[in-house]
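File shown: my_file_34.cif (mmCIF, C-alpha atoms; chains and numbers go by the auth columns).
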```cif
data_final
#
loop_
_atom_site.group_PDB
_atom_site.id
_atom_site.type_symbol
_atom_site.label_atom_id
_atom_site.label_comp_id
_atom_site.label_asym_id
_atom_site.label_seq_id
_atom_site.Cartn_x
_atom_site.Cartn_y
_atom_site.Cartn_z
_atom_site.B_iso_or_equiv
_atom_site.auth_seq_id
_atom_site.auth_asym_id
ATOM 1 C CA ASP A 1 10.095 27.617 23.596 0.00 1000 A
ATOM 2 C CA ALA A 2 11.497 24.335 22.388 0.00 1001 A
ATOM 3 C CA GLY A 3 9.173 22.121 20.431 0.00 1002 A
ATOM 4 C CA VAL A 4 9.095 18.347 20.356 0.00 1003 A
ATOM 5 C CA ILE A 5 12.646 17.111 19.897 0.00 1004 A
ATOM 6 C CA GLN A 6 13.394 13.854 18.123 0.00 1005 A
ATOM 7 C CA SER A 7 16.638 12.037 17.489 0.00 1006 A
ATOM 8 C CA PRO A 8 18.195 10.871 15.341 0.00 1007 A
ATOM 9 C CA ARG A 9 16.886 12.818 12.338 0.00 1008 A
ATOM 10 C CA HIS A 10 18.167 10.164 9.973 0.00 1009 A
ATOM 11 C CA GLU A 11 19.147 6.573 10.549 0.00 1010 A
ATOM 12 C CA VAL A 12 20.364 4.034 8.041 0.00 1011 A
ATOM 13 C CA THR A 13 20.801 0.525 9.313 0.00 1012 A
ATOM 14 C CA GLU A 14 20.955 -3.029 8.101 0.00 1013 A
ATOM 15 C CA MET A 15 18.237 -5.583 8.441 0.00 1014 A
ATOM 16 C CA GLY A 16 18.368 -7.338 11.790 0.00 1015 A
ATOM 17 C CA GLN A 17 19.890 -4.444 13.691 0.00 1016 A
ATOM 18 C CA GLU A 18 18.252 -2.771 16.668 0.00 1017 A
ATOM 19 C CA VAL A 19 16.955 0.756 16.179 0.00 1018 A
ATOM 20 C CA THR A 20 16.111 3.187 18.970 0.00 1019 A
ATOM 21 C CA LEU A 21 14.318 6.440 18.278 0.00 1020 A
ATOM 22 C CA ARG A 22 14.063 9.096 20.953 0.00 1021 A
ATOM 23 C CA CYS A 23 11.614 11.857 21.754 0.00 1022 A
ATOM 24 C CA LYS A 24 11.452 14.729 24.193 0.00 1023 A
ATOM 25 C CA PRO A 25 7.925 16.143 24.350 0.00 1024 A
ATOM 26 C CA ILE A 26 7.088 19.766 25.055 0.00 1025 A
ATOM 27 C CA SER A 27 7.402 20.499 28.749 0.00 1026 A
ATOM 28 C CA GLY A 28 4.033 20.342 30.465 0.00 1027 A
ATOM 29 C CA HIS A 29 2.401 18.188 27.817 0.00 1028 A
ATOM 30 C CA ASN A 30 1.049 15.025 29.360 0.00 1029 A
ATOM 31 C CA SER A 31 0.089 13.112 26.218 0.00 1030 A
ATOM 32 C CA LEU A 32 2.595 11.639 23.794 0.00 1031 A
ATOM 33 C CA PHE A 33 2.013 9.879 20.510 0.00 1032 A
ATOM 34 C CA TRP A 34 4.280 7.920 18.148 0.00 1033 A
ATOM 35 C CA TYR A 35 3.254 7.927 14.477 0.00 1034 A
ATOM 36 C CA ARG A 36 4.736 6.304 11.402 0.00 1035 A
ATOM 37 C CA GLN A 37 4.424 7.930 7.963 0.00 1036 A
ATOM 38 C CA THR A 38 4.819 6.200 4.619 0.00 1037 A
ATOM 39 C CA MET A 39 3.651 7.093 1.143 0.00 1038 A
ATOM 40 C CA MET A 40 1.468 4.018 0.966 0.00 1039 A
ATOM 41 C CA ARG A 41 -0.242 4.224 4.337 0.00 1040 A
ATOM 42 C CA GLY A 42 0.081 7.860 5.358 0.00 1041 A
ATOM 43 C CA LEU A 43 0.292 8.706 9.069 0.00 1042 A
ATOM 44 C CA GLU A 44 -0.473 5.769 11.343 0.00 1043 A
ATOM 45 C CA LEU A 45 -0.743 5.971 15.110 0.00 1044 A
ATOM 46 C CA LEU A 46 1.549 3.429 16.732 0.00 1045 A
ATOM 47 C CA ILE A 47 1.126 4.111 20.440 0.00 1046 A
ATOM 48 C CA TYR A 48 -0.344 6.709 22.790 0.00 1047 A
ATOM 49 C CA PHE A 49 0.867 7.550 26.290 0.00 1048 A
ATOM 50 C CA ASN A 50 -0.996 9.623 28.842 0.00 1049 A
ATOM 51 C CA ASN A 51 0.882 10.705 31.974 0.00 1050 A
ATOM 52 C CA ASN A 52 3.698 8.316 30.994 0.00 1051 A
ATOM 53 C CA VAL A 53 1.350 5.315 30.877 0.00 1052 A
ATOM 54 C CA PRO A 54 0.744 3.459 27.597 0.00 1053 A
ATOM 55 C CA ILE A 55 -2.977 3.737 26.918 0.00 1054 A
ATOM 56 C CA ASP A 56 -3.296 2.326 23.416 0.00 1055 A
ATOM 57 C CA ASP A 57 -0.631 0.297 21.635 0.00 1056 A
ATOM 58 C CA SER A 58 -2.976 -1.346 19.148 0.00 1057 A
ATOM 59 C CA GLY A 59 -1.156 0.347 16.275 0.00 1058 A
ATOM 60 C CA MET A 60 2.198 -1.230 17.071 0.00 1059 A
ATOM 61 C CA PRO A 61 2.827 -3.504 14.088 0.00 1060 A
ATOM 62 C CA GLU A 62 4.203 -6.524 15.907 0.00 1061 A
ATOM 63 C CA ASP A 63 6.336 -7.683 18.779 0.00 1062 A
ATOM 64 C CA ARG A 64 9.455 -6.289 17.167 0.00 1063 A
ATOM 65 C CA PHE A 65 8.222 -2.830 18.130 0.00 1064 A
ATOM 66 C CA SER A 66 8.266 -1.552 21.690 0.00 1065 A
ATOM 67 C CA ALA A 67 7.898 1.881 23.264 0.00 1066 A
ATOM 68 C CA LYS A 68 8.623 3.245 26.691 0.00 1067 A
ATOM 69 C CA MET A 69 8.094 6.490 28.525 0.00 1068 A
ATOM 70 C CA PRO A 70 10.132 6.325 31.739 0.00 1069 A
ATOM 71 C CA ASN A 71 9.343 9.928 32.658 0.00 1070 A
ATOM 72 C CA ALA A 72 7.405 12.938 31.450 0.00 1071 A
ATOM 73 C CA SER A 73 10.269 14.287 29.376 0.00 1072 A
ATOM 74 C CA PHE A 74 11.475 11.230 27.477 0.00 1073 A
ATOM 75 C CA SER A 75 10.165 8.420 25.318 0.00 1074 A
ATOM 76 C CA THR A 76 11.763 5.789 23.122 0.00 1075 A
ATOM 77 C CA LEU A 77 10.527 3.657 20.265 0.00 1076 A
ATOM 78 C CA LYS A 78 12.584 0.553 19.671 0.00 1077 A
ATOM 79 C CA ILE A 79 12.577 -1.847 16.750 0.00 1078 A
ATOM 80 C CA GLN A 80 14.384 -5.146 17.228 0.00 1079 A
ATOM 81 C CA PRO A 81 15.151 -6.718 14.853 0.00 1080 A
ATOM 82 C CA SER A 82 14.588 -4.162 12.114 0.00 1081 A
ATOM 83 C CA GLU A 83 13.329 -5.138 8.657 0.00 1082 A
ATOM 84 C CA PRO A 84 13.308 -3.246 5.327 0.00 1083 A
ATOM 85 C CA ARG A 85 9.526 -2.789 5.568 0.00 1084 A
ATOM 86 C CA ASP A 86 10.087 -0.709 8.703 0.00 1085 A
ATOM 87 C CA SER A 87 11.600 2.034 6.546 0.00 1086 A
ATOM 88 C CA ALA A 88 9.499 5.151 7.153 0.00 1087 A
ATOM 89 C CA VAL A 89 9.493 8.507 8.895 0.00 1088 A
ATOM 90 C CA TYR A 90 8.635 8.150 12.562 0.00 1089 A
ATOM 91 C CA PHE A 91 7.049 11.127 14.278 0.00 1090 A
ATOM 92 C CA CYS A 92 6.587 11.887 17.917 0.00 1091 A
ATOM 93 C CA ALA A 93 3.846 14.327 18.900 0.00 1092 A
ATOM 94 C CA SER A 94 2.622 15.737 22.188 0.00 1093 A
ATOM 95 C CA THR A 95 -0.432 17.582 23.461 0.00 1094 A
ATOM 96 C CA PRO A 96 -1.212 19.344 26.730 0.00 1095 A
ATOM 97 C CA GLY A 97 -4.175 17.096 27.475 0.00 1096 A
ATOM 98 C CA GLY A 98 -5.696 13.772 26.572 0.00 1097 A
ATOM 99 C CA THR A 99 -8.485 14.977 24.321 0.00 1098 A
ATOM 100 C CA ASN A 100 -8.442 14.834 20.559 0.00 1099 A
ATOM 101 C CA THR A 101 -9.757 18.292 19.784 0.00 1100 A
ATOM 102 C CA GLY A 102 -6.528 19.930 20.767 0.00 1101 A
ATOM 103 C CA GLU A 103 -3.524 20.600 18.593 0.00 1102 A
ATOM 104 C CA LEU A 104 -0.958 17.891 18.074 0.00 1103 A
ATOM 105 C CA PHE A 105 2.590 19.276 18.209 0.00 1104 A
ATOM 106 C CA PHE A 106 4.851 17.153 16.032 0.00 1105 A
ATOM 107 C CA GLY A 107 8.594 16.786 16.076 0.00 1106 A
ATOM 108 C CA GLU A 108 10.603 16.955 12.877 0.00 1107 A
ATOM 109 C CA GLY A 109 10.617 13.181 12.547 0.00 1108 A
ATOM 110 C CA SER A 110 13.217 10.432 12.355 0.00 1109 A
ATOM 111 C CA ARG A 111 13.727 9.060 8.861 0.00 1110 A
ATOM 112 C CA LEU A 112 14.606 5.375 9.110 0.00 1111 A
ATOM 113 C CA THR A 113 16.045 3.380 6.245 0.00 1112 A
ATOM 114 C CA VAL A 114 16.561 -0.340 6.768 0.00 1113 A
ATOM 115 C CA LEU A 115 18.694 -1.951 4.080 0.00 1114 A
ATOM 116 C CA THR B 1 -12.394 1.700 11.164 0.00 764 B
ATOM 117 C CA GLN B 2 -12.897 5.342 10.196 0.00 765 B
ATOM 118 C CA LEU B 3 -11.240 6.320 6.926 0.00 766 B
ATOM 119 C CA LEU B 4 -10.562 9.746 5.462 0.00 767 B
ATOM 120 C CA GLU B 5 -10.093 10.027 1.720 0.00 768 B
ATOM 121 C CA GLN B 6 -8.311 13.094 0.435 0.00 769 B
ATOM 122 C CA SER B 7 -8.420 14.338 -3.127 0.00 770 B
ATOM 123 C CA PRO B 8 -6.672 15.100 -5.273 0.00 771 B
ATOM 124 C CA GLN B 9 -3.604 13.184 -4.173 0.00 772 B
ATOM 125 C CA PHE B 10 -1.308 15.534 -6.104 0.00 773 B
ATOM 126 C CA LEU B 11 -1.913 19.074 -7.350 0.00 774 B
ATOM 127 C CA SER B 12 0.501 21.319 -9.237 0.00 775 B
ATOM 128 C CA ILE B 13 -0.590 24.846 -10.056 0.00 776 B
ATOM 129 C CA GLN B 14 0.802 28.245 -10.972 0.00 777 B
ATOM 130 C CA GLU B 15 1.163 31.102 -8.541 0.00 778 B
ATOM 131 C CA GLY B 16 -2.019 33.146 -8.363 0.00 779 B
ATOM 132 C CA GLU B 17 -4.431 30.313 -9.119 0.00 780 B
ATOM 133 C CA ASN B 18 -7.208 29.214 -6.803 0.00 781 B
ATOM 134 C CA LEU B 19 -7.641 25.623 -5.661 0.00 782 B
ATOM 135 C CA THR B 20 -9.801 23.394 -3.508 0.00 783 B
ATOM 136 C CA VAL B 21 -8.838 20.124 -1.865 0.00 784 B
ATOM 137 C CA TYR B 22 -11.238 17.697 -0.291 0.00 785 B
ATOM 138 C CA CYS B 23 -11.435 15.384 2.676 0.00 786 B
ATOM 139 C CA ASN B 24 -14.247 12.839 2.658 0.00 787 B
ATOM 140 C CA SER B 25 -15.469 10.019 4.849 0.00 788 B
ATOM 141 C CA SER B 26 -18.501 7.815 5.328 0.00 789 B
ATOM 142 C CA SER B 27 -18.107 8.312 9.085 0.00 790 B
ATOM 143 C CA VAL B 28 -19.188 11.206 11.248 0.00 791 B
ATOM 144 C CA PHE B 29 -16.447 13.061 13.084 0.00 792 B
ATOM 145 C CA SER B 30 -16.844 15.168 16.189 0.00 793 B
ATOM 146 C CA SER B 31 -14.153 17.508 14.914 0.00 794 B
ATOM 147 C CA LEU B 32 -11.747 17.763 12.036 0.00 795 B
ATOM 148 C CA GLN B 33 -8.305 19.285 11.820 0.00 796 B
ATOM 149 C CA TRP B 34 -6.222 20.433 8.852 0.00 797 B
ATOM 150 C CA TYR B 35 -2.435 20.282 9.019 0.00 798 B
ATOM 151 C CA ARG B 36 0.268 21.404 6.595 0.00 799 B
ATOM 152 C CA GLN B 37 3.520 19.488 6.368 0.00 800 B
ATOM 153 C CA GLU B 38 6.582 20.864 4.642 0.00 801 B
ATOM 154 C CA PRO B 39 9.401 18.625 3.397 0.00 802 B
ATOM 155 C CA GLY B 40 11.552 17.325 6.229 0.00 803 B
ATOM 156 C CA GLU B 41 9.227 18.706 8.883 0.00 804 B
ATOM 157 C CA GLY B 42 6.373 17.481 11.004 0.00 805 B
ATOM 158 C CA PRO B 43 2.754 18.496 10.343 0.00 806 B
ATOM 159 C CA VAL B 44 1.646 21.842 11.745 0.00 807 B
ATOM 160 C CA LEU B 45 -1.956 22.552 12.666 0.00 808 B
ATOM 161 C CA LEU B 46 -3.784 25.101 10.507 0.00 809 B
ATOM 162 C CA VAL B 47 -7.317 24.906 11.866 0.00 810 B
ATOM 163 C CA THR B 48 -9.842 22.831 13.799 0.00 811 B
ATOM 164 C CA VAL B 49 -13.499 22.757 12.795 0.00 812 B
ATOM 165 C CA VAL B 50 -16.087 21.406 15.177 0.00 813 B
ATOM 166 C CA THR B 51 -19.590 22.393 14.103 0.00 814 B
ATOM 167 C CA GLY B 52 -21.360 21.038 11.006 0.00 815 B
ATOM 168 C CA GLY B 53 -21.428 23.725 8.325 0.00 816 B
ATOM 169 C CA GLU B 54 -18.709 25.722 10.041 0.00 817 B
ATOM 170 C CA VAL B 55 -16.512 27.950 7.876 0.00 818 B
ATOM 171 C CA LYS B 56 -13.179 29.283 9.093 0.00 819 B
ATOM 172 C CA LYS B 57 -10.832 31.622 7.298 0.00 820 B
ATOM 173 C CA LEU B 58 -7.098 31.908 7.775 0.00 821 B
ATOM 174 C CA LYS B 59 -5.842 34.675 5.469 0.00 822 B
ATOM 175 C CA ARG B 60 -6.182 33.193 1.962 0.00 823 B
ATOM 176 C CA LEU B 61 -7.266 29.779 3.240 0.00 824 B
ATOM 177 C CA THR B 62 -10.941 28.924 3.766 0.00 825 B
ATOM 178 C CA PHE B 63 -11.931 25.738 5.575 0.00 826 B
ATOM 179 C CA GLN B 64 -15.413 24.272 5.610 0.00 827 B
ATOM 180 C CA PHE B 65 -16.849 21.400 7.627 0.00 828 B
ATOM 181 C CA GLY B 66 -19.731 19.585 5.966 0.00 829 B
ATOM 182 C CA ASP B 67 -23.195 19.866 7.444 0.00 830 B
ATOM 183 C CA ALA B 68 -23.191 16.161 8.287 0.00 831 B
ATOM 184 C CA ARG B 69 -19.631 16.362 9.690 0.00 832 B
ATOM 185 C CA LYS B 70 -18.445 13.698 7.260 0.00 833 B
ATOM 186 C CA ASP B 71 -16.428 15.875 4.926 0.00 834 B
ATOM 187 C CA SER B 72 -14.378 19.026 4.717 0.00 835 B
ATOM 188 C CA SER B 73 -12.778 21.246 2.117 0.00 836 B
ATOM 189 C CA LEU B 74 -9.861 23.616 2.000 0.00 837 B
ATOM 190 C CA HIS B 75 -9.912 26.442 -0.530 0.00 838 B
ATOM 191 C CA ILE B 76 -6.834 28.539 -1.223 0.00 839 B
ATOM 192 C CA THR B 77 -7.190 31.851 -3.043 0.00 840 B
ATOM 193 C CA ALA B 78 -4.334 33.232 -5.106 0.00 841 B
ATOM 194 C CA ALA B 79 -1.910 30.470 -4.188 0.00 842 B
ATOM 195 C CA GLN B 80 1.699 31.380 -3.495 0.00 843 B
ATOM 196 C CA PRO B 81 4.865 29.257 -3.608 0.00 844 B
ATOM 197 C CA GLY B 82 4.916 29.381 0.188 0.00 845 B
ATOM 198 C CA ASP B 83 1.674 27.385 0.201 0.00 846 B
ATOM 199 C CA THR B 84 3.559 24.371 -1.184 0.00 847 B
ATOM 200 C CA GLY B 85 3.316 21.360 1.090 0.00 848 B
ATOM 201 C CA LEU B 86 1.358 18.274 2.080 0.00 849 B
ATOM 202 C CA TYR B 87 -2.112 19.128 3.381 0.00 850 B
ATOM 203 C CA LEU B 88 -3.481 16.568 5.804 0.00 851 B
ATOM 204 C CA CYS B 89 -6.931 16.307 7.291 0.00 852 B
ATOM 205 C CA ALA B 90 -7.454 14.465 10.546 0.00 853 B
ATOM 206 C CA GLY B 91 -10.724 13.529 12.169 0.00 854 B
ATOM 207 C CA SER B 92 -11.626 12.590 15.697 0.00 855 B
ATOM 208 C CA GLY B 93 -14.452 10.190 16.358 0.00 856 B
ATOM 209 C CA GLY B 94 -15.641 8.267 19.358 0.00 857 B
ATOM 210 C CA SER B 95 -12.401 7.993 21.274 0.00 858 B
ATOM 211 C CA ASN B 96 -11.049 10.962 23.163 0.00 859 B
ATOM 212 C CA TYR B 97 -7.560 10.796 21.763 0.00 860 B
ATOM 213 C CA LYS B 98 -7.319 8.944 18.448 0.00 861 B
ATOM 214 C CA LEU B 99 -7.065 11.029 15.297 0.00 862 B
ATOM 215 C CA THR B 100 -7.580 9.402 11.910 0.00 863 B
ATOM 216 C CA PHE B 101 -5.394 11.021 9.264 0.00 864 B
ATOM 217 C CA GLY B 102 -5.987 11.115 5.536 0.00 865 B
ATOM 218 C CA LYS B 103 -3.022 10.430 3.262 0.00 866 B
ATOM 219 C CA GLY B 104 -2.895 14.048 2.220 0.00 867 B
ATOM 220 C CA THR B 105 -2.858 16.259 -0.848 0.00 868 B
ATOM 221 C CA LEU B 106 0.609 17.218 -2.047 0.00 869 B
ATOM 222 C CA LEU B 107 0.365 20.764 -3.370 0.00 870 B
ATOM 223 C CA THR B 108 3.054 22.400 -5.478 0.00 871 B
ATOM 224 C CA VAL B 109 2.703 26.074 -6.346 0.00 872 B
ATOM 225 C CA ASN B 110 5.054 27.076 -9.115 0.00 873 B
ATOM 226 C CA PRO B 111 6.306 30.672 -9.341 0.00 874 B
#
```
Show me this structure written as C-alpha cells.
Amino acid sequence: DAGVIQSPRHEVTEMGQEVTLRCKPISGHNSLFWYRQTMMRGLELLIYFNNNVPIDDSGMPEDRFSAKMPNASFSTLKIQPSEPRDSAVYFCASTPGGTNTGELFFGEGSRLTVL
Amino acid sequence: TQLLEQSPQFLSIQEGENLTVYCNSSSVFSSLQWYRQEPGEGPVLLVTVVTGGEVKKLKRLTFQFGDARKDSSLHITAAQPGDTGLYLCAGSGGSNYKLTFGKGTLLTVNP
C-alpha cells in the first residue's frame, strides 16, 4: 500500500517567491497534519485537518502560511512570500482517526531552502 | 505548553554497546510514543506506552513509561549500525489530537 506521498522532495527558491507543498494522505485516513522540522525547534505542528476541515491552525507561523484540504486525498501548504527563515523540512502525516494515541504515518518530507 | 526534553542530544557508540536515552517532562501525558527517523525519511512509530510503569520490548529495544507518566526511557541492547537514526519521543496530553515532540536523540552506531 502506498504511504503518505509528498511533493516536491526538495525545493530551492529565492526569498519572496511563492512555495506550494503537496500531500496525498493514506487512503481512508481522515486526519491530516502538517509539521515543520528544524534543528533548533524540532518537529512543530503547523495545522491539523479532520475530515478535510481545519481544526487547529494555531501553529501556523504567520499570515504568509496557508493550508488547504479540498478533498480527502489532497492537501497543500503554501508560503507566500517565502523568507530564508522558512527553510526547513516540512512533513505531512495522516492517521485513520482523530485521536492522539494512534500511529502517525509520515511522508518522506519536503526539504525547503529559501535563499 | 507541554515540553519534552530528550537526552542526550547526540550519542555515538560502537556496535555491540548498550545505551539508554531519556525523555523527560514536568507534565503528565496520557500516552507517549517513540519514533525513529532515518536520514531523508519521515519518523516511523516504534511503540506507544499508555500505562504508568509500563515496559514494552521490541527485539533489542526496551521502552519504559515512568510511574507518574512524565518520563520515558529507551534502552537498546547490543546496538547495531542499523539502529542509527534520530529517536523522537512524542507525548499526548489533554487534547485528543496534538502530539508534543521532543527534539530527539541522534544516535550513531559505528561498525
Matched chain/residue IDs from the PyMOL selection byres ((chain B) within 12 of (chain A)), as a PDB file with C-alpha atoms, in the coordinates of the input:
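Saved as part.pdb:
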```
ATOM      1  CA  LEU B 766     -11.240   6.320   6.926  1.00  0.00           C
ATOM      2  CA  LEU B 767     -10.562   9.746   5.462  1.00  0.00           C
ATOM      3  CA  GLU B 768     -10.093  10.027   1.720  1.00  0.00           C
ATOM      4  CA  GLN B 769      -8.311  13.094   0.435  1.00  0.00           C
ATOM      5  CA  GLN B 772      -3.604  13.184  -4.173  1.00  0.00           C
ATOM      6  CA  PHE B 792     -16.447  13.061  13.084  1.00  0.00           C
ATOM      7  CA  SER B 793     -16.844  15.168  16.189  1.00  0.00           C
ATOM      8  CA  SER B 794     -14.153  17.508  14.914  1.00  0.00           C
ATOM      9  CA  LEU B 795     -11.747  17.763  12.036  1.00  0.00           C
ATOM     10  CA  GLN B 796      -8.305  19.285  11.820  1.00  0.00           C
ATOM     11  CA  TRP B 797      -6.222  20.433   8.852  1.00  0.00           C
ATOM     12  CA  TYR B 798      -2.435  20.282   9.019  1.00  0.00           C
ATOM     13  CA  ARG B 799       0.268  21.404   6.595  1.00  0.00           C
ATOM     14  CA  GLN B 800       3.520  19.488   6.368  1.00  0.00           C
ATOM     15  CA  GLU B 801       6.582  20.864   4.642  1.00  0.00           C
ATOM     16  CA  PRO B 802       9.401  18.625   3.397  1.00  0.00           C
ATOM     17  CA  GLY B 803      11.552  17.325   6.229  1.00  0.00           C
ATOM     18  CA  GLU B 804       9.227  18.706   8.883  1.00  0.00           C
ATOM     19  CA  GLY B 805       6.373  17.481  11.004  1.00  0.00           C
ATOM     20  CA  PRO B 806       2.754  18.496  10.343  1.00  0.00           C
ATOM     21  CA  VAL B 807       1.646  21.842  11.745  1.00  0.00           C
ATOM     22  CA  LEU B 808      -1.956  22.552  12.666  1.00  0.00           C
ATOM     23  CA  LEU B 809      -3.784  25.101  10.507  1.00  0.00           C
ATOM     24  CA  VAL B 810      -7.317  24.906  11.866  1.00  0.00           C
ATOM     25  CA  THR B 811      -9.842  22.831  13.799  1.00  0.00           C
ATOM     26  CA  VAL B 812     -13.499  22.757  12.795  1.00  0.00           C
ATOM     27  CA  VAL B 813     -16.087  21.406  15.177  1.00  0.00           C
ATOM     28  CA  LEU B 849       1.358  18.274   2.080  1.00  0.00           C
ATOM     29  CA  TYR B 850      -2.112  19.128   3.381  1.00  0.00           C
ATOM     30  CA  LEU B 851      -3.481  16.568   5.804  1.00  0.00           C
ATOM     31  CA  CYS B 852      -6.931  16.307   7.291  1.00  0.00           C
ATOM     32  CA  ALA B 853      -7.454  14.465  10.546  1.00  0.00           C
ATOM     33  CA  GLY B 854     -10.724  13.529  12.169  1.00  0.00           C
ATOM     34  CA  SER B 855     -11.626  12.590  15.697  1.00  0.00           C
ATOM     35  CA  GLY B 856     -14.452  10.190  16.358  1.00  0.00           C
ATOM     36  CA  GLY B 857     -15.641   8.267  19.358  1.00  0.00           C
ATOM     37  CA  SER B 858     -12.401   7.993  21.274  1.00  0.00           C
ATOM     38  CA  ASN B 859     -11.049  10.962  23.163  1.00  0.00           C
ATOM     39  CA  TYR B 860      -7.560  10.796  21.763  1.00  0.00           C
ATOM     40  CA  LYS B 861      -7.319   8.944  18.448  1.00  0.00           C
ATOM     41  CA  LEU B 862      -7.065  11.029  15.297  1.00  0.00           C
ATOM     42  CA  THR B 863      -7.580   9.402  11.910  1.00  0.00           C
ATOM     43  CA  PHE B 864      -5.394  11.021   9.264  1.00  0.00           C
ATOM     44  CA  GLY B 865      -5.987  11.115   5.536  1.00  0.00           C
ATOM     45  CA  LYS B 866      -3.022  10.430   3.262  1.00  0.00           C
ATOM     46  CA  GLY B 867      -2.895  14.048   2.220  1.00  0.00           C
ATOM     47  CA  THR B 868      -2.858  16.259  -0.848  1.00  0.00           C
ATOM     48  CA  LEU B 869       0.609  17.218  -2.047  1.00  0.00           C
TER      49      LEU B 869
END
```
Legend entry - Neighbour list for Leu782 in chain B as a PyMOL selection string, cut-off 12 Å, only C-alpha atoms, skip fewer than 3 positions in-chain: chain B and resi 770-771+773-779+785+823-825+836-843+846+868+870-872
With C-alpha atoms retained, could you export that selection as a short mmCIF file (atom, residue, chain, number, x, y, z; two decimals), in the frame of the given file?
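Writing done, so here's result23.cif:
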```
data_model
loop_
_atom_site.label_atom_id
_atom_site.label_comp_id
_atom_site.auth_asym_id
_atom_site.auth_seq_id
_atom_site.Cartn_x
_atom_site.Cartn_y
_atom_site.Cartn_z
CA SER B 770 -8.42 14.34 -3.13
CA PRO B 771 -6.67 15.10 -5.27
CA PHE B 773 -1.31 15.53 -6.10
CA LEU B 774 -1.91 19.07 -7.35
CA SER B 775 0.50 21.32 -9.24
CA ILE B 776 -0.59 24.85 -10.06
CA GLN B 777 0.80 28.24 -10.97
CA GLU B 778 1.16 31.10 -8.54
CA GLY B 779 -2.02 33.15 -8.36
CA TYR B 785 -11.24 17.70 -0.29
CA ARG B 823 -6.18 33.19 1.96
CA LEU B 824 -7.27 29.78 3.24
CA THR B 825 -10.94 28.92 3.77
CA SER B 836 -12.78 21.25 2.12
CA LEU B 837 -9.86 23.62 2.00
CA HIS B 838 -9.91 26.44 -0.53
CA ILE B 839 -6.83 28.54 -1.22
CA THR B 840 -7.19 31.85 -3.04
CA ALA B 841 -4.33 33.23 -5.11
CA ALA B 842 -1.91 30.47 -4.19
CA GLN B 843 1.70 31.38 -3.50
CA ASP B 846 1.67 27.38 0.20
CA THR B 868 -2.86 16.26 -0.85
CA LEU B 870 0.36 20.76 -3.37
CA THR B 871 3.05 22.40 -5.48
CA VAL B 872 2.70 26.07 -6.35
#
```
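The residues returned by the PyMOL selection byres ((chain A and resi 1113) around 8) on the shown structure are Val1011, Thr1012, Glu1013, Met1014, Ser1081, Glu1082, Pro1083, Arg1084, Asp1085, Ser1086, Leu1111, Thr1112 and Leu1114 of chain A.
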Keeping only C-alpha atoms, write the selected residues to a file as a PDB file, in the coordinates of the input.
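Final file, part-v7.pdb:
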```pdb
ATOM      1  CA  VAL A1011      20.364   4.034   8.041  1.00  0.00           C
ATOM      2  CA  THR A1012      20.801   0.525   9.313  1.00  0.00           C
ATOM      3  CA  GLU A1013      20.955  -3.029   8.101  1.00  0.00           C
ATOM      4  CA  MET A1014      18.237  -5.583   8.441  1.00  0.00           C
ATOM      5  CA  SER A1081      14.588  -4.162  12.114  1.00  0.00           C
ATOM      6  CA  GLU A1082      13.329  -5.138   8.657  1.00  0.00           C
ATOM      7  CA  PRO A1083      13.308  -3.246   5.327  1.00  0.00           C
ATOM      8  CA  ARG A1084       9.526  -2.789   5.568  1.00  0.00           C
ATOM      9  CA  ASP A1085      10.087  -0.709   8.703  1.00  0.00           C
ATOM     10  CA  SER A1086      11.600   2.034   6.546  1.00  0.00           C
ATOM     11  CA  LEU A1111      14.606   5.375   9.110  1.00  0.00           C
ATOM     12  CA  THR A1112      16.045   3.380   6.245  1.00  0.00           C
ATOM     13  CA  LEU A1114      18.694  -1.951   4.080  1.00  0.00           C
TER      14      LEU A1114
END
```
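Across the model, the gap from CA of Ser790 in chain B to CA of Gly829 in chain B is 11.8 Å.
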Legend entry - Distance of CA of Ser1065 in chain A from CA of Leu1045 in chain A, expressed in Å to one decimal place: 9.7 Å
Near-Gln1079 in chain A list (9 Å; only C-alpha atoms; drop same-chain fewer than 3 positions) as a short mmCIF file (atom, residue, chain, number, x, y, z; two decimals) with C-alpha atoms, in the frame of the given file:
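Listing of part_39.cif after writing:
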```
data_model
loop_
_atom_site.label_atom_id
_atom_site.label_comp_id
_atom_site.auth_asym_id
_atom_site.auth_seq_id
_atom_site.Cartn_x
_atom_site.Cartn_y
_atom_site.Cartn_z
CA GLY A 1015 18.37 -7.34 11.79
CA GLN A 1016 19.89 -4.44 13.69
CA GLU A 1017 18.25 -2.77 16.67
CA VAL A 1018 16.95 0.76 16.18
CA THR A 1019 16.11 3.19 18.97
CA ASP A 1062 6.34 -7.68 18.78
CA ARG A 1063 9.46 -6.29 17.17
CA PHE A 1064 8.22 -2.83 18.13
CA SER A 1065 8.27 -1.55 21.69
CA GLU A 1082 13.33 -5.14 8.66
#
```
Inset, instruction - Work out how far CA of Ser1093 in chain A is from CA of Pro1024 in chain A, in Å to one decimal. - result: 5.7 Å
Legend entry - Shell of 6 Å around Phe828 in chain B, only C-alpha atoms, local chain residues under 3 positions omitted, as a list in words: Gly815, Gly816, Glu817 and Ser835 of chain B
Take every atom of range 1063-1072 of chain A listed in the file, fit an axis-aligned box around them, add 6 Å per side, and give the centre and edge lengths in Å to one decimal as JSON.
```
{"center_x": 8.8, "center_y": 4.0, "center_z": 24.9, "size_x": 14.9, "size_y": 32.6, "size_z": 27.5}
```
Legend entry - Selection result for the PyMOL selection byres ((chain A and resi 1073) around 10) on this file, as a PyMOL selection string: chain A and resi 1004-1005+1021-1025+1031+1051+1067-1072+1074-1075
Inset, instruction - For each of B:Leu821, B:Asn873, B:Phe826, B:Lys833, take the minimum atom-to-atom distance to Gly848 in chain B, counting all atoms listed in the file, then give the residue where this is smallest. - result: B:Asn873
Legend entry - Nearest-residue call for Ser1006 in chain A, choices A:Asp1056, A:Pro1095, A:Leu1076, A:Ala1087, using all atoms listed in the file: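 With all atoms listed in the file as the atom set, the closest residue is A:Leu1076.
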